[in-house]
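Participant: final03.pdb is reproduced below (PDB, C-alpha atoms).
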ATOM      1  CA  MET A   1     132.386 178.093  90.545  1.00  0.00           C
ATOM      2  CA  GLN A   2     130.000 179.432  93.185  1.00  0.00           C
ATOM      3  CA  LEU A   3     130.372 177.882  96.629  1.00  0.00           C
ATOM      4  CA  LYS A   4     127.301 177.425  98.820  1.00  0.00           C
ATOM      5  CA  ASN A   5     127.239 176.876 102.560  1.00  0.00           C
ATOM      6  CA  TYR A   6     126.133 173.486 103.868  1.00  0.00           C
ATOM      7  CA  GLU A   7     125.862 171.628 107.128  1.00  0.00           C
ATOM      8  CA  THR A   8     125.925 167.857 107.298  1.00  0.00           C
ATOM      9  CA  VAL A   9     125.270 165.645 110.294  1.00  0.00           C
ATOM     10  CA  PHE A  10     125.828 161.918 110.244  1.00  0.00           C
ATOM     11  CA  ILE A  11     125.394 159.198 112.844  1.00  0.00           C
ATOM     12  CA  LEU A  12     127.848 156.328 113.023  1.00  0.00           C
ATOM     13  CA  THR A  13     127.004 152.964 114.502  1.00  0.00           C
ATOM     14  CA  PRO A  14     127.915 152.693 118.211  1.00  0.00           C
ATOM     15  CA  VAL A  15     129.675 149.321 117.868  1.00  0.00           C
ATOM     16  CA  LEU A  16     132.781 150.930 116.331  1.00  0.00           C
ATOM     17  CA  SER A  17     135.991 151.360 118.270  1.00  0.00           C
ATOM     18  CA  GLU A  18     137.281 154.876 118.882  1.00  0.00           C
ATOM     19  CA  GLN A  19     139.889 154.453 116.125  1.00  0.00           C
ATOM     20  CA  GLN A  20     137.310 153.181 113.613  1.00  0.00           C
ATOM     21  CA  THR A  21     135.106 156.177 114.419  1.00  0.00           C
ATOM     22  CA  LYS A  22     138.000 158.613 113.873  1.00  0.00           C
ATOM     23  CA  ASP A  23     138.909 156.882 110.598  1.00  0.00           C
ATOM     24  CA  ALA A  24     135.326 157.145 109.318  1.00  0.00           C
ATOM     25  CA  VAL A  25     135.147 160.848 110.213  1.00  0.00           C
ATOM     26  CA  GLU A  26     138.516 161.513 108.540  1.00  0.00           C
ATOM     27  CA  LYS A  27     137.349 159.645 105.418  1.00  0.00           C
ATOM     28  CA  PHE A  28     134.386 162.003 104.963  1.00  0.00           C
ATOM     29  CA  LYS A  29     136.442 165.073 105.854  1.00  0.00           C
ATOM     30  CA  LYS A  30     139.064 164.064 103.261  1.00  0.00           C
ATOM     31  CA  LEU A  31     136.322 163.527 100.661  1.00  0.00           C
ATOM     32  CA  LEU A  32     135.101 167.080 101.214  1.00  0.00           C
ATOM     33  CA  VAL A  33     138.556 168.683 101.137  1.00  0.00           C
ATOM     34  CA  ASP A  34     139.746 166.657  98.122  1.00  0.00           C
ATOM     35  CA  ASN A  35     136.725 167.853  96.146  1.00  0.00           C
ATOM     36  CA  GLY A  36     137.345 171.535  96.843  1.00  0.00           C
ATOM     37  CA  ALA A  37     135.184 172.098  99.926  1.00  0.00           C
ATOM     38  CA  GLN A  38     136.290 174.530 102.611  1.00  0.00           C
ATOM     39  CA  ILE A  39     135.584 173.172 106.088  1.00  0.00           C
ATOM     40  CA  VAL A  40     134.261 176.037 108.214  1.00  0.00           C
ATOM     41  CA  HIS A  41     133.686 174.038 111.397  1.00  0.00           C
ATOM     42  CA  ASP A  42     133.533 170.440 112.500  1.00  0.00           C
ATOM     43  CA  ASP A  43     132.293 169.129 115.789  1.00  0.00           C
ATOM     44  CA  ALA A  44     132.068 165.663 117.289  1.00  0.00           C
ATOM     45  CA  TRP A  45     128.945 165.525 119.414  1.00  0.00           C
ATOM     46  CA  GLY A  46     129.973 162.092 120.628  1.00  0.00           C
ATOM     47  CA  LEU A  47     127.860 159.145 121.644  1.00  0.00           C
ATOM     48  CA  ARG A  48     124.221 160.128 122.155  1.00  0.00           C
ATOM     49  CA  LYS A  49     120.940 158.385 122.666  1.00  0.00           C
ATOM     50  CA  LEU A  50     118.753 158.182 119.568  1.00  0.00           C
ATOM     51  CA  ALA A  51     115.160 159.410 119.659  1.00  0.00           C
ATOM     52  CA  TYR A  52     114.050 156.028 118.301  1.00  0.00           C
ATOM     53  CA  PRO A  53     115.896 152.777 117.485  1.00  0.00           C
ATOM     54  CA  ILE A  54     117.647 152.626 114.115  1.00  0.00           C
ATOM     55  CA  GLN A  55     118.770 149.157 112.985  1.00  0.00           C
ATOM     56  CA  ASN A  56     118.111 147.927 116.559  1.00  0.00           C
ATOM     57  CA  LYS A  57     120.586 150.469 117.955  1.00  0.00           C
ATOM     58  CA  HIS A  58     119.623 152.971 120.633  1.00  0.00           C
ATOM     59  CA  THR A  59     122.779 155.131 120.556  1.00  0.00           C
ATOM     60  CA  GLY A  60     125.034 156.534 117.866  1.00  0.00           C
ATOM     61  CA  PHE A  61     128.132 158.650 117.399  1.00  0.00           C
ATOM     62  CA  TYR A  62     127.142 162.063 116.009  1.00  0.00           C
ATOM     63  CA  GLN A  63     129.442 164.191 113.831  1.00  0.00           C
ATOM     64  CA  ILE A  64     128.698 167.551 112.212  1.00  0.00           C
ATOM     65  CA  PHE A  65     130.537 169.422 109.451  1.00  0.00           C
ATOM     66  CA  GLU A  66     129.827 172.972 108.344  1.00  0.00           C
ATOM     67  CA  PHE A  67     131.434 173.672 104.976  1.00  0.00           C
ATOM     68  CA  ALA A  68     131.351 175.694 101.763  1.00  0.00           C
ATOM     69  CA  ALA A  69     131.300 173.636  98.583  1.00  0.00           C
ATOM     70  CA  ASP A  70     130.115 173.356  95.022  1.00  0.00           C
ATOM     71  CA  PRO A  71     126.526 172.008  94.955  1.00  0.00           C
ATOM     72  CA  GLN A  72     127.663 169.086  92.761  1.00  0.00           C
ATOM     73  CA  LEU A  73     129.696 167.705  95.678  1.00  0.00           C
ATOM     74  CA  ILE A  74     126.628 166.985  97.809  1.00  0.00           C
ATOM     75  CA  ALA A  75     125.538 164.090  95.599  1.00  0.00           C
ATOM     76  CA  LYS A  76     129.012 162.511  95.890  1.00  0.00           C
ATOM     77  CA  LEU A  77     129.048 162.974  99.661  1.00  0.00           C
ATOM     78  CA  GLU A  78     125.611 161.471 100.169  1.00  0.00           C
ATOM     79  CA  LEU A  79     126.460 158.561  97.878  1.00  0.00           C
ATOM     80  CA  GLU A  80     129.462 157.804 100.105  1.00  0.00           C
ATOM     81  CA  TYR A  81     127.232 157.994 103.189  1.00  0.00           C
ATOM     82  CA  LYS A  82     124.861 155.468 101.603  1.00  0.00           C
ATOM     83  CA  ARG A  83     127.705 153.116 100.634  1.00  0.00           C
ATOM     84  CA  ASP A  84     129.331 153.139 104.074  1.00  0.00           C
ATOM     85  CA  GLU A  85     127.678 150.620 106.379  1.00  0.00           C
ATOM     86  CA  LYS A  86     129.063 152.451 109.441  1.00  0.00           C
ATOM     87  CA  VAL A  87     126.689 155.381 108.766  1.00  0.00           C
ATOM     88  CA  ILE A  88     123.196 154.707 110.082  1.00  0.00           C
ATOM     89  CA  ARG A  89     121.684 158.168 109.316  1.00  0.00           C
ATOM     90  CA  PHE A  90     122.749 161.413 107.683  1.00  0.00           C
ATOM     91  CA  LEU A  91     121.279 164.790 106.804  1.00  0.00           C
ATOM     92  CA  THR A  92     122.782 167.541 104.665  1.00  0.00           C
ATOM     93  CA  THR A  93     121.170 170.970 104.543  1.00  0.00           C
ATOM     94  CA  ALA A  94     121.972 174.121 102.597  1.00  0.00           C
ATOM     95  CA  LEU A  95     122.488 177.126 104.868  1.00  0.00           C
ATOM     96  CA  ASP A  96     121.119 180.559 104.052  1.00  0.00           C
ATOM     97  CA  LYS A  97     122.855 183.755 105.183  1.00  0.00           C
ATOM     98  CA  HIS A  98     120.864 183.817 108.436  1.00  0.00           C
ATOM     99  CA  ALA A  99     121.865 180.264 109.357  1.00  0.00           C
ATOM    100  CA  VAL A 100     125.533 181.025 108.634  1.00  0.00           C
ATOM    101  CA  LEU A 101     125.361 184.105 110.869  1.00  0.00           C
ATOM    102  CA  TYR A 102     123.605 182.116 113.607  1.00  0.00           C
ATOM    103  CA  ASN A 103     126.273 179.382 113.492  1.00  0.00           C
ATOM    104  CA  GLU A 104     129.046 181.979 113.782  1.00  0.00           C
ATOM    105  CA  LYS A 105     127.373 183.499 116.843  1.00  0.00           C
ATOM    106  CA  LYS A 106     126.853 180.052 118.345  1.00  0.00           C
ATOM    107  CA  ARG A 107     130.554 179.206 117.965  1.00  0.00           C
ATOM    108  CA  LYS A 108     131.476 182.463 119.702  1.00  0.00           C
ATOM    109  CA  GLY A 109     129.159 181.605 122.598  1.00  0.00           C
ATOM    110  CA  LEU A 110     126.721 184.445 121.943  1.00  0.00           C
ATOM    111  CA  VAL A 111     123.740 182.143 121.347  1.00  0.00           C
ATOM    112  CA  GLY A 112     122.321 179.436 123.547  1.00  0.00           C
ATOM    113  CA  ARG A 113     123.585 180.785 126.864  1.00  0.00           C
ATOM    114  CA  LYS A 114     121.514 182.611 129.408  1.00  0.00           C
ATOM    115  CA  PRO A 115     123.059 185.849 130.610  1.00  0.00           C
ATOM    116  CA  GLU A 116     124.709 185.541 133.977  1.00  0.00           C
ATOM    117  CA  LYS A 117     123.007 187.397 136.780  1.00  0.00           C
ATOM    118  CA  THR A 118     125.142 189.726 138.840  1.00  0.00           C
ATOM    119  CA  GLU A 119     124.074 190.195 142.390  1.00  0.00           C
ATOM    120  CA  ALA A 120     124.438 193.668 143.908  1.00  0.00           C
TER     121      ALA A 120
END
For the file at hand, write its structure as C-alpha coordinates.
Facilitator:
Amino acid sequence: MQLKNYETVFILTPVLSEQQTKDAVEKFKKLLVDNGAQIVHDDAWGLRKLAYPIQNKHTGFYQIFEFAADPQLIAKLELEYKRDEKVIRFLTTALDKHAVLYNEKKRKGLVGRKPEKTEA
(Lines of atoms letter the chains of each structure in order from A and count residues from 1; the text may use other names and numbers.)
(Lines give C-alpha, C1' and ligand atoms only; values in the text may rest on other atoms or scores of the structure.)
Protein backbone atom coordinates (compact mmCIF):
# COMPACT_ATOMS: atom_id res chain seq x y z
CA MET A 1 0.00 0.00 0.00
CA GLN A 2 1.56 3.27 -1.14
CA LEU A 3 0.84 6.26 1.08
CA LYS A 4 0.47 9.71 -0.47
CA ASN A 5 0.73 13.04 1.30
CA TYR A 6 -2.41 15.14 1.66
CA GLU A 7 -3.55 18.32 3.32
CA THR A 8 -7.16 18.92 4.25
CA VAL A 9 -8.74 22.10 5.53
CA PHE A 10 -12.30 22.26 6.78
CA ILE A 11 -14.43 25.06 8.17
CA LEU A 12 -16.86 24.38 10.99
CA THR A 13 -19.91 26.50 11.65
CA PRO A 14 -19.27 29.29 14.19
CA VAL A 15 -22.38 28.56 16.28
CA LEU A 16 -20.76 25.52 17.91
CA SER A 17 -19.52 25.57 21.48
CA GLU A 18 -15.82 25.02 22.12
CA GLN A 19 -16.49 21.43 23.21
CA GLN A 20 -18.59 20.68 20.10
CA THR A 21 -15.79 22.07 17.93
CA LYS A 22 -13.18 19.88 19.66
CA ASP A 23 -15.44 16.82 19.32
CA ALA A 24 -15.91 17.43 15.58
CA VAL A 25 -12.16 17.82 15.05
CA GLU A 26 -11.44 14.65 17.05
CA LYS A 27 -14.07 12.76 15.02
CA PHE A 28 -12.26 13.51 11.75
CA LYS A 29 -8.83 12.89 13.27
CA LYS A 30 -10.03 9.50 14.57
CA LEU A 31 -11.45 8.66 11.13
CA LEU A 32 -8.05 9.28 9.57
CA VAL A 33 -6.07 7.33 12.17
CA ASP A 34 -8.53 4.40 12.26
CA ASN A 35 -8.17 4.02 8.49
CA GLY A 36 -4.38 3.85 8.56
CA ALA A 37 -3.45 7.50 7.98
CA GLN A 38 -0.38 8.97 9.64
CA ILE A 39 -1.04 12.49 10.91
CA VAL A 40 2.02 14.61 10.12
CA HIS A 41 0.69 17.89 11.51
CA ASP A 42 -2.58 19.37 12.65
CA ASP A 43 -3.31 22.98 13.36
CA ALA A 44 -6.37 24.83 14.59
CA TRP A 45 -6.45 28.20 12.89
CA GLY A 46 -9.39 29.19 15.06
CA LEU A 47 -12.29 31.47 14.33
CA ARG A 48 -11.69 33.56 11.21
CA LYS A 49 -13.69 35.82 8.99
CA LEU A 50 -14.82 34.24 5.73
CA ALA A 51 -14.07 35.91 2.40
CA TYR A 52 -17.77 35.71 1.55
CA PRO A 53 -20.86 34.52 3.46
CA ILE A 54 -21.51 30.77 3.47
CA GLN A 55 -24.97 29.69 4.66
CA ASN A 56 -25.48 33.25 5.99
CA LYS A 57 -22.40 32.93 8.22
CA HIS A 58 -19.53 35.39 8.08
CA THR A 59 -17.05 33.51 10.30
CA GLY A 60 -15.98 29.91 10.73
CA PHE A 61 -13.64 27.73 12.74
CA TYR A 62 -10.76 26.58 10.52
CA GLN A 63 -8.87 23.31 11.06
CA ILE A 64 -6.05 21.85 8.96
CA PHE A 65 -4.60 18.33 8.89
CA GLU A 66 -1.49 17.27 7.01
CA PHE A 67 -1.32 13.49 6.71
CA ALA A 68 -0.06 10.50 4.74
CA ALA A 69 -2.74 8.04 3.68
CA ASP A 70 -3.92 5.57 1.09
CA PRO A 71 -5.70 7.44 -1.75
CA GLN A 72 -8.85 5.36 -1.14
CA LEU A 73 -9.31 7.06 2.24
CA ILE A 74 -9.94 10.49 0.71
CA ALA A 75 -13.35 9.48 -0.62
CA LYS A 76 -14.38 8.23 2.85
CA LEU A 77 -13.12 11.42 4.51
CA GLU A 78 -14.91 13.72 2.09
CA LEU A 79 -18.11 11.70 2.40
CA GLU A 80 -17.98 12.25 6.17
CA TYR A 81 -17.42 15.98 5.61
CA LYS A 82 -20.51 16.08 3.38
CA ARG A 83 -22.63 14.16 5.90
CA ASP A 84 -21.67 16.33 8.87
CA GLU A 85 -23.83 19.45 9.03
CA LYS A 86 -21.23 21.19 11.23
CA VAL A 87 -18.83 21.39 8.25
CA ILE A 88 -19.65 24.32 5.97
CA ARG A 89 -16.65 23.95 3.58
CA PHE A 90 -13.72 21.61 3.06
CA LEU A 91 -10.82 21.14 0.67
CA THR A 92 -8.42 18.22 0.40
CA THR A 93 -5.33 18.46 -1.78
CA ALA A 94 -2.59 15.99 -2.64
CA LEU A 95 0.87 17.32 -1.80
CA ASP A 96 3.85 16.85 -4.09
CA LYS A 97 7.40 16.58 -2.76
CA HIS A 98 7.90 20.35 -3.01
CA ALA A 99 4.79 21.11 -0.96
CA VAL A 100 5.83 18.60 1.71
CA LEU A 101 9.27 20.22 1.93
CA TYR A 102 7.71 23.69 2.08
CA ASN A 103 5.37 22.64 4.92
CA GLU A 104 8.30 21.21 6.89
CA LYS A 105 10.22 24.48 6.52
CA LYS A 106 7.13 26.46 7.49
CA ARG A 107 6.70 24.44 10.70
CA LYS A 108 10.34 25.08 11.59
CA GLY A 109 9.83 28.82 11.10
CA LEU A 110 12.14 29.08 8.08
CA VAL A 111 9.40 30.31 5.73
CA GLY A 112 7.07 33.25 6.09
CA ARG A 113 9.25 35.32 8.40
CA LYS A 114 11.29 38.30 7.39
CA PRO A 115 14.88 38.17 8.58
CA GLU A 116 15.51 40.32 11.61
CA LYS A 117 17.69 43.33 11.02
CA THR A 118 20.66 43.78 13.31
CA GLU A 119 21.74 47.30 13.90
CA ALA A 120 25.47 48.00 14.17
Participant: So which one's closest to Gln63 of chain A, A:Leu101, A:Ala44, A:Ala37, A:Leu3? Using only C-alpha atoms, please.
Facilitator: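 Smallest distance to Gln63 of chain A is found for A:Ala44.
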Participant: Using the chain letters and numbers from the file, which residues does the PyMOL selection byres ((chain A and resi 64-69) around 6) grab, as a VMD selection string?
Facilitator: chain A and resid 3 to 9 37 to 43 63 70
Participant: With all atoms listed in the file as the atoms that count, which of A:Asp34, A:Lys106, A:Ala99, A:Lys86 lies nearest to Ser17 of chain A?
Facilitator: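 Going through A:Asp34, A:Lys106, A:Ala99, A:Lys86 one by one, the smallest distance to Ser17 of chain A is for A:Lys86.
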Participant: So the first atom is atom CA of Ala24 of chain A and the second is atom CA of Leu91 of chain A; what is the distance between them in Å, to one decimal place?
Facilitator: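 Distance between the two atoms: 16.2 Å.
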Participant: Any idea what the distance is between atom CA of Glu85 of chain A and atom CA of Asp23 of chain A?
Facilitator: 13.5 Å
Participant: How would you write, as a ChimeraX atom specification, the residues chosen by the PyMOL selection byres ((chain A and resi 13) around 12) on this structure?
Facilitator: /A:10-12,14-18,20-21,24,46-50,53-63,84-90
Participant: Might you spell out which residues the PyMOL selection byres ((chain A and resi 73) around 10) would select in the displayed file, as a short mmCIF file (atom, residue, chain, number, x, y, z; two decimals) with C-alpha atoms, keeping the file's coordinate frame?
Facilitator:
data_model
loop_
_atom_site.label_atom_id
_atom_site.label_comp_id
_atom_site.auth_asym_id
_atom_site.auth_seq_id
_atom_site.Cartn_x
_atom_site.Cartn_y
_atom_site.Cartn_z
CA LEU A 31 136.32 163.53 100.66
CA LEU A 32 135.10 167.08 101.21
CA ASN A 35 136.72 167.85 96.15
CA GLY A 36 137.34 171.54 96.84
CA ALA A 37 135.18 172.10 99.93
CA ALA A 69 131.30 173.64 98.58
CA ASP A 70 130.12 173.36 95.02
CA PRO A 71 126.53 172.01 94.96
CA GLN A 72 127.66 169.09 92.76
CA ILE A 74 126.63 166.98 97.81
CA ALA A 75 125.54 164.09 95.60
CA LYS A 76 129.01 162.51 95.89
CA LEU A 77 129.05 162.97 99.66
CA GLU A 78 125.61 161.47 100.17
CA LEU A 79 126.46 158.56 97.88
#
